[in-house]
>>> print(open('model06.csv').read())   # CSV, C-alpha atoms
chain,number,residue,atom,x,y,z
A,74,MET,CA,0.0,0.0,0.0
A,75,THR,CA,1.2,3.5,-0.8
A,76,LYS,CA,2.6,5.3,2.2
A,77,GLY,CA,0.1,7.7,3.8
A,78,VAL,CA,-2.9,6.3,1.9
A,79,GLY,CA,-5.6,4.4,3.9
A,80,GLY,CA,-5.3,3.0,7.4
A,81,SER,CA,-7.5,5.5,9.2
A,82,THR,CA,-11.1,6.7,9.2
A,83,ALA,CA,-13.0,9.9,8.4
A,84,GLU,CA,-14.1,10.2,12.0
A,85,ARG,CA,-10.5,9.8,13.3
A,86,GLU,CA,-9.1,12.3,10.9
A,87,LEU,CA,-11.7,15.0,11.5
A,88,ALA,CA,-11.3,14.6,15.3
A,89,GLY,CA,-7.6,15.6,14.8
A,90,LEU,CA,-8.5,18.9,13.2
A,91,GLY,CA,-9.1,22.3,14.8
A,92,ARG,CA,-9.1,26.0,14.0
A,93,TRP,CA,-6.0,27.2,12.2
A,94,ALA,CA,-3.4,27.9,14.9
A,95,ALA,CA,-1.9,31.1,13.4
A,96,PRO,CA,-4.4,32.7,11.0
A,97,ALA,CA,-3.2,35.4,8.7
A,98,PRO,CA,-4.4,38.9,9.3
A,99,ARG,CA,-7.3,40.1,7.1
A,100,ILE,CA,-7.0,42.8,4.5
A,101,ASP,CA,-7.5,46.2,6.2
A,102,ALA,CA,-8.8,49.6,5.0
A,103,ALA,CA,-5.2,51.0,4.6
A,104,GLU,CA,-4.3,48.4,2.1
A,105,ARG,CA,-7.5,49.0,0.2
A,106,GLU,CA,-6.7,52.7,0.0
A,107,ARG,CA,-3.3,51.8,-1.4
A,108,ARG,CA,-5.0,49.7,-4.0
A,109,MET,CA,-7.2,52.5,-5.1
A,110,GLU,CA,-4.2,54.8,-5.4
A,111,ARG,CA,-2.5,52.2,-7.6
A,112,ALA,CA,-5.7,52.1,-9.7
A,113,ARG,CA,-5.7,55.8,-10.1
A,114,ALA,CA,-2.1,55.8,-11.3
A,115,LEU,CA,-3.0,53.1,-13.9
A,116,MET,CA,-6.0,55.1,-14.9
A,117,THR,CA,-3.7,57.9,-15.7
A,118,THR,CA,-1.6,55.7,-18.0
A,119,ILE,CA,-4.7,54.7,-20.1
A,120,GLY,CA,-6.3,58.2,-20.1
A,121,ALA,CA,-9.3,57.2,-18.0
A,122,ASP,CA,-11.1,59.8,-15.7
A,123,ALA,CA,-13.0,57.1,-13.8
A,124,LEU,CA,-13.2,53.3,-13.3
A,125,ILE,CA,-16.4,51.3,-12.7
A,126,VAL,CA,-16.0,48.1,-10.7
A,127,ASN,CA,-18.8,45.6,-10.7
A,128,ALA,CA,-19.9,43.4,-7.8
A,129,GLY,CA,-17.7,40.3,-7.6
A,130,ALA,CA,-14.1,39.6,-6.8
A,131,SER,CA,-12.8,43.0,-8.0
A,132,LEU,CA,-15.3,44.9,-5.8
A,133,ARG,CA,-14.1,42.8,-2.9
A,134,TYR,CA,-10.5,43.7,-3.8
A,135,PHE,CA,-11.1,47.5,-3.7
A,136,ALA,CA,-14.0,47.9,-1.3
A,137,GLY,CA,-13.9,44.8,0.9
A,138,MET,CA,-17.4,43.6,0.0
A,139,ALA,CA,-18.1,39.9,-0.6
A,140,TRP,CA,-21.0,40.7,-2.9
A,141,GLY,CA,-22.0,38.6,-5.8
A,142,ALA,CA,-23.1,40.1,-9.1
A,143,THR,CA,-26.8,39.9,-10.1
A,144,GLU,CA,-29.0,41.8,-12.6
A,145,ARG,CA,-29.2,44.7,-10.1
A,146,LEU,CA,-26.2,46.9,-10.5
A,147,VAL,CA,-24.0,47.2,-7.3
A,148,ALA,CA,-20.8,48.8,-8.3
A,149,MET,CA,-18.1,51.3,-7.3
A,150,VAL,CA,-17.2,54.4,-9.4
A,151,LEU,CA,-13.7,55.4,-8.7
A,152,PRO,CA,-12.8,58.8,-10.0
A,153,ARG,CA,-9.2,59.6,-10.8
A,154,HIS,CA,-9.6,62.5,-8.4
A,155,GLY,CA,-11.9,62.4,-5.4
A,156,ASP,CA,-13.6,59.8,-3.3
A,157,PRO,CA,-15.1,56.6,-4.6
A,158,VAL,CA,-18.9,56.4,-5.1
A,159,MET,CA,-20.9,53.3,-4.4
A,160,ILE,CA,-24.0,52.6,-6.5
A,161,CYS,CA,-26.6,50.3,-5.1
A,162,PRO,CA,-30.4,49.7,-4.9
A,163,THR,CA,-32.0,51.7,-2.1
A,164,PHE,CA,-33.4,48.6,-0.4
A,165,GLU,CA,-29.8,47.2,-0.2
A,166,LEU,CA,-28.5,50.3,1.6
A,167,GLY,CA,-28.3,48.7,5.0
A,168,SER,CA,-26.6,45.6,3.8
A,169,LEU,CA,-24.1,47.6,1.7
A,170,GLU,CA,-23.2,49.9,4.7
A,171,ALA,CA,-22.6,46.8,6.8
A,172,SER,CA,-20.4,45.2,4.2
A,173,LEU,CA,-18.4,48.2,3.0
A,174,GLY,CA,-14.7,48.2,3.9
A,175,ILE,CA,-13.8,51.7,2.7
A,176,SER,CA,-15.0,55.2,3.2
A,177,ALA,CA,-17.2,56.1,0.2
A,178,GLU,CA,-20.1,58.2,-0.9
A,179,ILE,CA,-23.2,56.0,-1.5
A,180,ARG,CA,-25.8,56.8,-4.2
A,181,THR,CA,-28.9,54.6,-4.5
A,182,TRP,CA,-31.6,53.9,-7.1
A,183,GLU,CA,-35.1,52.6,-6.7
A,184,GLU,CA,-36.4,49.5,-8.5
A,185,HIS,CA,-38.2,51.4,-11.2
A,186,GLU,CA,-35.2,53.7,-11.9
A,187,SER,CA,-32.2,53.2,-14.2
A,188,PRO,CA,-28.9,52.6,-12.3
A,189,TYR,CA,-27.0,53.4,-15.5
A,190,ARG,CA,-28.5,57.0,-15.5
A,191,LEU,CA,-27.3,57.3,-11.9
A,192,VAL,CA,-23.8,56.2,-13.0
A,193,ALA,CA,-24.0,58.7,-15.8
A,194,GLN,CA,-25.0,61.5,-13.5
A,195,THR,CA,-22.2,60.5,-11.1
A,196,LEU,CA,-19.7,60.7,-14.0
A,197,ALA,CA,-21.0,64.1,-14.9
A,198,ASP,CA,-20.7,65.4,-11.4
A,199,LYS,CA,-17.1,64.2,-11.3
A,200,GLY,CA,-16.3,65.7,-14.6
A,201,ALA,CA,-15.4,62.3,-16.0
A,202,ARG,CA,-15.5,62.0,-19.8
A,203,THR,CA,-13.6,58.6,-20.2
A,204,LEU,CA,-14.8,55.6,-18.2
A,205,ALA,CA,-12.7,52.4,-17.8
A,206,ILE,CA,-15.0,49.4,-17.7
A,207,ASP,CA,-14.4,46.4,-15.4
A,208,PRO,CA,-13.8,43.4,-17.7
A,209,ALA,CA,-16.2,41.4,-15.5
A,210,LEU,CA,-19.1,43.8,-16.2
A,211,PRO,CA,-21.8,41.9,-18.1
A,212,PHE,CA,-22.8,43.1,-21.5
A,213,PHE,CA,-26.3,44.2,-20.5
A,214,ALA,CA,-24.8,46.5,-17.9
A,215,PHE,CA,-22.2,47.8,-20.4
A,216,ASP,CA,-25.0,48.4,-22.9
A,217,GLY,CA,-27.0,50.3,-20.3
A,218,LEU,CA,-24.0,52.5,-19.5
A,219,ARG,CA,-23.3,53.1,-23.2
A,220,LYS,CA,-26.8,54.4,-23.7
A,221,ALA,CA,-27.2,56.3,-20.5
A,222,ALA,CA,-23.7,58.0,-20.7
A,223,ALA,CA,-23.7,58.8,-24.4
A,224,GLY,CA,-21.1,61.5,-24.1
A,225,VAL,CA,-18.6,59.4,-22.2
A,226,GLU,CA,-16.0,57.3,-23.9
A,227,LEU,CA,-15.9,53.8,-22.6
A,228,VAL,CA,-12.5,52.0,-22.5
A,229,ASP,CA,-11.2,48.6,-21.4
A,230,GLY,CA,-10.5,48.7,-17.7
A,231,ALA,CA,-8.5,45.4,-17.6
A,232,PRO,CA,-5.1,47.2,-17.6
A,233,VAL,CA,-6.2,48.9,-14.4
A,234,ILE,CA,-8.0,46.0,-12.6
A,235,ASP,CA,-5.6,43.3,-13.7
A,236,GLY,CA,-2.7,45.6,-13.2
A,237,CYS,CA,-3.6,45.9,-9.6
A,238,ARG,CA,-4.8,42.4,-8.8
A,239,MET,CA,-2.0,40.4,-10.5
A,240,ILE,CA,0.6,41.7,-8.1
A,241,LYS,CA,-0.1,40.4,-4.6
A,242,SER,CA,1.0,42.2,-1.5
A,243,PRO,CA,2.6,40.5,1.5
A,244,ALA,CA,-0.8,40.5,3.2
A,245,GLU,CA,-2.3,38.7,0.2
A,246,LEU,CA,0.5,36.2,0.0
A,247,ALA,CA,0.0,35.3,3.7
A,248,LEU,CA,-3.7,34.7,3.1
A,249,LEU,CA,-3.0,32.6,0.0
A,250,SER,CA,-0.4,30.7,1.9
A,251,GLN,CA,-2.8,29.8,4.7
A,252,ALA,CA,-5.5,28.7,2.3
A,253,LYS,CA,-3.2,26.4,0.4
A,254,ALA,CA,-1.7,25.0,3.6
A,255,MET,CA,-5.2,24.2,4.9
A,256,THR,CA,-6.2,22.5,1.6
A,257,LEU,CA,-3.0,20.4,1.6
A,258,GLU,CA,-3.8,19.2,5.1
A,259,ALA,CA,-7.3,18.3,4.0
A,260,GLN,CA,-5.8,16.4,1.1
A,261,ARG,CA,-3.4,14.6,3.4
A,262,ARG,CA,-6.1,13.5,5.8
A,263,ALA,CA,-8.4,12.5,2.9
A,264,ALA,CA,-5.8,10.1,1.7
A,265,LEU,CA,-5.7,8.5,5.1
A,266,MET,CA,-9.4,7.9,5.3
A,267,LEU,CA,-9.6,6.0,2.0
A,268,ALA,CA,-10.8,2.3,2.1
A,269,PRO,CA,-12.4,-0.1,-0.3
A,270,GLY,CA,-16.0,0.9,-0.8
A,271,VAL,CA,-15.5,4.6,-0.1
A,272,THR,CA,-17.3,6.7,-2.7
A,273,THR,CA,-16.2,9.9,-4.4
A,274,GLY,CA,-19.1,11.6,-2.5
A,275,ASP,CA,-17.7,10.4,0.8
A,276,VAL,CA,-14.4,12.0,0.0
A,277,ARG,CA,-16.0,15.3,-1.1
A,278,ARG,CA,-18.0,15.5,2.1
A,279,PHE,CA,-15.0,14.7,4.2
A,280,ILE,CA,-12.9,17.4,2.6
A,281,ASP,CA,-15.7,20.0,3.1
A,282,ALA,CA,-15.9,19.1,6.8
A,283,ALA,CA,-12.1,19.3,7.1
A,284,HIS,CA,-11.9,22.7,5.5
A,285,ARG,CA,-14.7,23.9,7.8
A,286,ALA,CA,-13.0,22.5,10.9
A,287,MET,CA,-9.8,24.5,10.1
A,288,GLY,CA,-11.8,27.7,9.6
A,289,ALA,CA,-12.0,28.1,5.8
A,290,ASP,CA,-14.7,30.5,4.5
A,291,GLY,CA,-17.7,28.1,4.1
A,292,GLY,CA,-15.9,24.8,3.5
A,293,ASN,CA,-14.9,23.8,0.0
A,294,THR,CA,-15.1,26.2,-2.9
A,295,PHE,CA,-15.0,23.1,-5.2
A,296,CYS,CA,-14.0,19.5,-4.9
A,297,ALA,CA,-13.4,17.1,-7.8
A,298,VAL,CA,-12.7,13.5,-6.8
A,299,GLN,CA,-12.0,10.8,-9.5
A,300,PHE,CA,-11.1,7.2,-9.3
A,301,ALA,CA,-9.5,4.8,-11.9
A,302,GLU,CA,-10.3,5.6,-15.5
A,303,ALA,CA,-12.3,8.8,-14.5
A,304,THR,CA,-8.9,10.4,-13.8
A,305,SER,CA,-8.3,10.6,-17.5
A,306,TYR,CA,-11.0,13.3,-17.8
A,307,PRO,CA,-9.4,16.6,-16.6
A,308,HIS,CA,-12.6,17.6,-14.9
A,309,GLY,CA,-14.1,14.2,-14.2
A,310,VAL,CA,-17.3,12.5,-15.3
A,311,PRO,CA,-20.8,12.5,-13.8
A,312,GLY,CA,-21.9,10.0,-11.3
A,313,GLU,CA,-20.6,8.4,-8.1
A,314,GLN,CA,-17.5,6.1,-8.2
A,315,VAL,CA,-16.6,3.5,-5.6
A,316,LEU,CA,-13.0,2.9,-4.6
A,317,LYS,CA,-11.3,-0.5,-5.0
A,318,GLU,CA,-7.9,-1.9,-4.6
A,319,GLY,CA,-5.4,-0.7,-7.2
A,320,ASP,CA,-7.4,2.4,-8.2
A,321,LEU,CA,-5.7,5.7,-9.1
A,322,VAL,CA,-7.1,8.6,-7.0
A,323,LEU,CA,-7.1,12.2,-8.3
A,324,ILE,CA,-8.4,14.9,-5.9
A,325,ASP,CA,-8.6,18.6,-6.9
A,326,THR,CA,-10.0,20.9,-4.3
A,327,GLY,CA,-9.7,24.3,-2.7
A,328,CYS,CA,-11.1,26.7,-0.1
A,329,GLN,CA,-11.0,30.4,0.7
A,330,VAL,CA,-9.5,32.5,3.5
A,331,ASP,CA,-10.8,36.0,3.6
A,332,GLY,CA,-11.8,35.4,-0.1
A,333,TYR,CA,-8.3,34.2,-1.2
A,334,ASN,CA,-8.2,30.8,-2.9
A,335,SER,CA,-6.4,27.6,-2.8
A,336,ASP,CA,-6.5,25.0,-5.5
A,337,ILE,CA,-4.4,21.8,-4.8
A,338,THR,CA,-4.4,18.5,-6.7
A,339,ARG,CA,-2.9,15.2,-5.7
A,340,THR,CA,-2.8,12.0,-7.7
A,341,TYR,CA,-1.7,8.6,-6.1
A,342,VAL,CA,-2.7,5.0,-6.0
A,343,PHE,CA,-4.8,3.1,-3.5
A,344,GLY,CA,-2.6,0.0,-3.6
A,345,GLU,CA,0.3,-0.6,-5.8
A,346,PRO,CA,1.0,1.3,-9.0
A,347,THR,CA,1.7,-0.3,-12.4
A,348,GLU,CA,5.1,0.4,-14.1
A,349,ALA,CA,3.3,2.5,-16.8
A,350,LEU,CA,1.6,4.7,-14.2
A,351,ALA,CA,4.8,5.1,-12.2
A,352,ARG,CA,6.6,6.3,-15.3
A,353,VAL,CA,3.9,8.8,-16.2
A,354,TRP,CA,3.8,10.1,-12.6
A,355,ARG,CA,7.6,10.8,-12.6
A,356,ILE,CA,7.5,12.5,-16.0
A,357,LYS,CA,4.6,14.7,-14.9
A,358,ARG,CA,6.5,15.7,-11.7
A,359,GLU,CA,9.6,16.5,-13.8
A,360,ALA,CA,7.5,18.8,-16.0
A,361,GLN,CA,6.1,20.6,-13.0
A,362,LEU,CA,9.6,21.2,-11.6
A,363,ALA,CA,10.8,22.4,-15.1
A,364,ALA,CA,8.0,24.9,-15.2
A,365,PHE,CA,8.9,26.2,-11.7
A,366,ASP,CA,12.6,26.4,-12.6
A,367,ALA,CA,11.7,28.5,-15.7
A,368,VAL,CA,10.3,31.3,-13.6
A,369,ARG,CA,12.2,34.6,-13.5
A,370,PRO,CA,11.0,38.2,-13.4
A,371,GLY,CA,10.7,39.5,-16.9
A,372,VAL,CA,10.2,36.1,-18.5
A,373,ALA,CA,7.0,35.8,-20.5
A,374,CYS,CA,4.2,33.7,-19.0
A,375,GLU,CA,4.2,31.5,-22.1
A,376,ALA,CA,7.8,30.4,-21.5
A,377,VAL,CA,6.8,28.6,-18.4
A,378,ASP,CA,4.2,26.5,-20.3
A,379,ASP,CA,6.9,25.9,-23.0
A,380,ALA,CA,9.3,24.5,-20.3
A,381,ALA,CA,6.8,22.0,-19.1
A,382,ARG,CA,5.9,20.9,-22.7
A,383,ARG,CA,9.6,20.4,-23.6
A,384,VAL,CA,9.8,17.7,-20.9
A,385,LEU,CA,6.7,16.0,-22.0
A,386,GLU,CA,7.6,16.0,-25.7
A,387,ALA,CA,11.1,14.7,-24.9
A,388,ASN,CA,9.4,11.7,-23.3
A,389,GLY,CA,7.0,11.0,-26.1
A,390,PHE,CA,3.9,12.9,-25.1
A,391,GLY,CA,2.1,15.5,-27.3
A,392,PRO,CA,3.2,17.5,-29.1
A,393,ASP,CA,1.1,20.5,-28.2
A,394,TYR,CA,-2.3,19.4,-26.8
A,395,LYS,CA,-2.4,16.0,-28.5
A,396,LEU,CA,-3.0,13.0,-26.3
A,397,PRO,CA,-1.4,11.2,-24.6
A,398,GLY,CA,-0.1,14.4,-23.2
A,399,LEU,CA,-1.1,17.7,-21.7
A,400,PRO,CA,-4.5,18.9,-22.9
A,401,HIS,CA,-4.6,22.3,-21.2
A,402,ARG,CA,-2.4,25.2,-20.1
A,403,THR,CA,0.3,24.7,-17.5
A,404,GLY,CA,-1.2,27.1,-15.0
A,405,HIS,CA,-3.4,30.1,-14.1
A,406,GLY,CA,-3.2,33.1,-11.9
A,407,ILE,CA,-4.9,32.9,-8.6
A,408,GLY,CA,-6.0,35.3,-5.9
A,409,LEU,CA,-9.6,36.4,-5.1
A,410,SER,CA,-10.6,34.3,-8.1
A,411,ILE,CA,-9.5,30.7,-8.6
A,412,HIS,CA,-8.6,31.5,-12.2
A,413,GLU,CA,-7.5,35.0,-13.0
A,414,PRO,CA,-4.9,36.7,-15.3
A,415,ALA,CA,-2.2,36.1,-16.2
A,416,TYR,CA,-2.0,32.5,-17.6
A,417,LEU,CA,0.9,30.1,-18.2
A,418,VAL,CA,-0.1,29.3,-21.8
A,419,ARG,CA,1.3,29.9,-25.2
A,420,GLY,CA,0.4,33.4,-26.4
A,421,ASP,CA,0.3,35.0,-23.0
A,422,LYS,CA,3.4,37.3,-23.2
A,423,THR,CA,2.7,39.0,-19.9
A,424,PRO,CA,6.1,39.4,-18.2
A,425,LEU,CA,6.4,37.7,-14.9
A,426,ALA,CA,6.9,40.1,-11.9
A,427,PRO,CA,7.4,39.7,-8.2
A,428,GLY,CA,4.1,39.1,-6.4
A,429,MET,CA,2.4,37.3,-9.3
A,430,CYS,CA,0.8,34.0,-8.2
A,431,PHE,CA,0.2,30.9,-10.3
A,432,SER,CA,-0.9,27.3,-10.3
A,433,ASN,CA,1.6,24.8,-11.7
A,434,GLU,CA,-0.3,21.7,-13.1
A,435,PRO,CA,1.0,20.3,-16.4
A,436,MET,CA,-1.3,17.2,-16.4
A,437,ILE,CA,-0.6,14.1,-18.4
A,438,VAL,CA,-3.7,12.3,-19.8
A,439,VAL,CA,-3.6,8.8,-21.2
A,440,PRO,CA,-7.0,8.4,-22.8
A,441,GLY,CA,-9.0,5.4,-21.7
A,442,GLN,CA,-6.6,4.6,-18.9
A,443,PHE,CA,-5.7,7.3,-16.4
A,444,GLY,CA,-4.6,10.9,-15.9
A,445,VAL,CA,-2.0,12.3,-13.5
A,446,ARG,CA,-2.3,15.9,-12.3
A,447,LEU,CA,-0.1,17.3,-9.5
A,448,GLU,CA,-1.0,20.9,-8.8
A,449,ASP,CA,0.8,23.3,-6.5
A,450,HIS,CA,1.1,27.1,-6.5
A,451,PHE,CA,4.0,29.5,-6.5
A,452,HIS,CA,4.6,33.2,-6.3
A,453,VAL,CA,7.2,35.1,-8.3
A,454,THR,CA,10.1,36.5,-6.3
A,455,GLU,CA,12.9,38.9,-7.1
A,456,ASP,CA,15.1,36.1,-8.4
A,457,GLY,CA,12.8,33.2,-9.3
A,458,ALA,CA,9.8,31.5,-7.6
A,459,ALA,CA,8.8,30.2,-4.2
A,460,TRP,CA,6.3,27.4,-3.6
A,461,PHE,CA,3.3,28.0,-1.4
A,462,THR,CA,3.1,24.2,-0.9
A,463,GLN,CA,5.8,21.7,-1.5
A,464,PRO,CA,5.2,19.4,-4.5
A,465,SER,CA,4.4,15.8,-3.9
A,466,PRO,CA,7.7,14.0,-3.4
A,467,SER,CA,7.0,10.6,-4.9
A,468,LEU,CA,4.2,8.2,-6.0
A,469,GLU,CA,5.3,5.8,-3.2
A,470,ALA,CA,4.9,8.5,-0.5
A,471,PRO,CA,2.7,11.3,-2.0
A,472,PHE,CA,2.6,13.3,1.2
A,473,GLY,CA,6.1,12.6,2.3
>>> encode(input="model06.csv", output="structure tokens")
Amino acid sequence: MTKGVGGSTAERELAGLGRWAAPAPRIDAAERERRMERARALMTTIGADALIVNAGASLRYFAGMAWGATERLVAMVLPRHGDPVMICPTFELGSLEASLGISAEIRTWEEHESPYRLVAQTLADKGARTLAIDPALPFFAFDGLRKAAAGVELVDGAPVIDGCRMIKSPAELALLSQAKAMTLEAQRRAALMLAPGVTTGDVRRFIDAAHRAMGADGGNTFCAVQFAEATSYPHGVPGEQVLKEGDLVLIDTGCQVDGYNSDITRTYVFGEPTEALARVWRIKREAQLAAFDAVRPGVACEAVDDAARRVLEANGFGPDYKLPGLPHRTGHGIGLSIHEPAYLVRGDKTPLAPGMCFSNEPMIVVPGQFGVRLEDHFHVTEDGAAWFTQPSPSLEAPFG
């Protein structure tokens, strides 16, 4: 039996968990003010007088509000000069005031009124003639703004929002580090509770309970559990699976801490691996380490993807996205969103810079047989990269 897999129970493993011993400090108002100043500087570079930020991850980034987007506009208008203005329905005023993490003027609209006219009036009051648009703003809201603010030029706000969010501060790195460490611990304990007859649903419920026990925001953000041939589908297949001796296990899961995400994958065997599987596992790990070693400030994101693929192609996989091989990008940015710019993929020429954070997951899929994905995350440093969680050391002892 693989070391660290099986031999315990869900009850025993959950009993050993408690609240995280040294939680990272939450993001404070002073940091959010620095973010807005950075956004204003970037607005200047693209010639925007104001920025609109829709409800969702970016509004949480700037205003501290964990508020999901709906058909009702809840947004922040950030002028290049002056205080931010929050736009929200009148009946949501109390909830917004309780959620807001910055000082801001609040302007409200009734259900029969147009929020886009309210934004247009706000822009006029601030003397804004060019508005940078949150790339996450849905088209119907963009169209409403376009019609209501006919004299205002609308420009892409991605250089501002992504330019802020891609570079993580020390406080963000600490929250990300905690989230990832918690998920790795949930992964480690999930491996121990495996036994013949355990279902994929049993594992998902266990990991959710483990994340909650450690103090994650609301348990799992997602949890994909696959056994045997199902591991050859990158995001699994519908239906429940039952574990048996010799099955390959792939678990991809994450949680949030103050909104910051983890996303860790482990692949190992419940029993003894075949020689073919052991070979693929070692090559996959080699590709992951090659991607990590390629990281340097100033290097294009696509070069990291290329480094992983060179290892795979040298061992007979691919080329490109052909199977057996790697069917997707090597990695994605991570922060308040599980997937966010930039991306470790051909064509993304964004230069790496200290503070950027990425997954590193060059999966190998062997169709009809199995798939191996090991996913850990790193942040870019002044001279290379640093792991948030240490990669799996071996197929024989996946958790060391």
>>> atom_distance(input="model06.csv", atom1="atom CA of Arg419 of chain A", atom2="atom CA of Gly332 of chain A")
28.8 Å
>>> closest_residue(input="model06.csv", among="A:Pro96, A:Ile437, A:Pro370, A:Asn127", to="Arg382 of chain A", atoms="all atoms listed in the file")
A:Ile437
>>> residues_around(input="model06.csv", residues="Ala268 of chain A", least_positions_apart="2", cutoff="8 Å", atoms="all atoms listed in the file", output="list of chain:residue names")
A:Gly79, A:Gly80, A:Met266, A:Gly270, A:Val271, A:Leu316, A:Lys317
>>> closest_residue(input="model06.csv", among="A:His412, A:Arg202, A:Arg108, A:Arg190", to="Lys220 of chain A", atoms="all atoms listed in the file")
A:Arg190
>>> closest_residue(input="model06.csv", among="A:Asp449, A:Gln463, A:Glu375, A:Tyr134", to="Thr423 of chain A", atoms="all atoms listed in the file")
A:Glu375
>>> atom_distance(input="model06.csv", atom1="atom CA of Ala222 of chain A", atom2="atom CA of Pro414 of chain A")
28.9 Å
>>> closest_residue(input="model06.csv", among="A:Cys161, A:Ala123, A:Ala247, A:Ile206", to="Trp140 of chain A", atoms="only C-alpha atoms")
A:Cys161
>>> closest_residue(input="model06.csv", among="A:Ala373, A:Ala380, A:Ala209, A:Leu468", to="Gly77 of chain A", atoms="all atoms listed in the file")
A:Leu468
>>> residues_around(input="model06.csv", residues="segment 253-257 of chain A", least_positions_apart="3", cutoff="8 Å", atoms="all atoms listed in the file", output="list of chain:residue names")
A:Trp93, A:Leu249, A:Ser250, A:Gln260, A:Arg261, A:His284, A:Met287, A:Ala289, A:Thr326, A:Gly327, A:Cys328, A:Asn334, A:Ser335, A:Asp336, A:Ile337, A:Phe461, A:Thr462
>>> closest_residue(input="model06.csv", among="A:Gly391, A:Gly406, A:Gly319, A:Pro208", to="Tyr333 of chain A", atoms="only C-alpha atoms")
A:Gly406
>>> residues_around(input="model06.csv", residues="segment 304-315 of chain A", least_positions_apart="6", cutoff="6 Å", atoms="all atoms listed in the file", output="list in words")
Gly270, Val271, Thr272, Thr273, Val438, Pro440, Phe443 and Gly444 of chain A
>>> decode(input="model06.csv", residues="segment 225-245 of chain A", atoms="C-alpha atoms", output="PDB file, in the first residue's frame")
ATOM      1  CA  VAL A 225     -18.645  59.397 -22.172  1.00  0.00           C
ATOM      2  CA  GLU A 226     -15.970  57.330 -23.899  1.00  0.00           C
ATOM      3  CA  LEU A 227     -15.905  53.751 -22.608  1.00  0.00           C
ATOM      4  CA  VAL A 228     -12.513  52.005 -22.544  1.00  0.00           C
ATOM      5  CA  ASP A 229     -11.199  48.640 -21.389  1.00  0.00           C
ATOM      6  CA  GLY A 230     -10.481  48.688 -17.659  1.00  0.00           C
ATOM      7  CA  ALA A 231      -8.513  45.421 -17.642  1.00  0.00           C
ATOM      8  CA  PRO A 232      -5.128  47.203 -17.613  1.00  0.00           C
ATOM      9  CA  VAL A 233      -6.222  48.900 -14.374  1.00  0.00           C
ATOM     10  CA  ILE A 234      -7.956  46.042 -12.565  1.00  0.00           C
ATOM     11  CA  ASP A 235      -5.607  43.290 -13.696  1.00  0.00           C
ATOM     12  CA  GLY A 236      -2.656  45.611 -13.213  1.00  0.00           C
ATOM     13  CA  CYS A 237      -3.627  45.893  -9.553  1.00  0.00           C
ATOM     14  CA  ARG A 238      -4.842  42.378  -8.815  1.00  0.00           C
ATOM     15  CA  MET A 239      -2.033  40.442 -10.543  1.00  0.00           C
ATOM     16  CA  ILE A 240       0.620  41.701  -8.103  1.00  0.00           C
ATOM     17  CA  LYS A 241      -0.064  40.396  -4.598  1.00  0.00           C
ATOM     18  CA  SER A 242       0.981  42.248  -1.473  1.00  0.00           C
ATOM     19  CA  PRO A 243       2.629  40.529   1.518  1.00  0.00           C
ATOM     20  CA  ALA A 244      -0.779  40.453   3.233  1.00  0.00           C
ATOM     21  CA  GLU A 245      -2.324  38.709   0.225  1.00  0.00           C
TER      22      GLU A 245
END
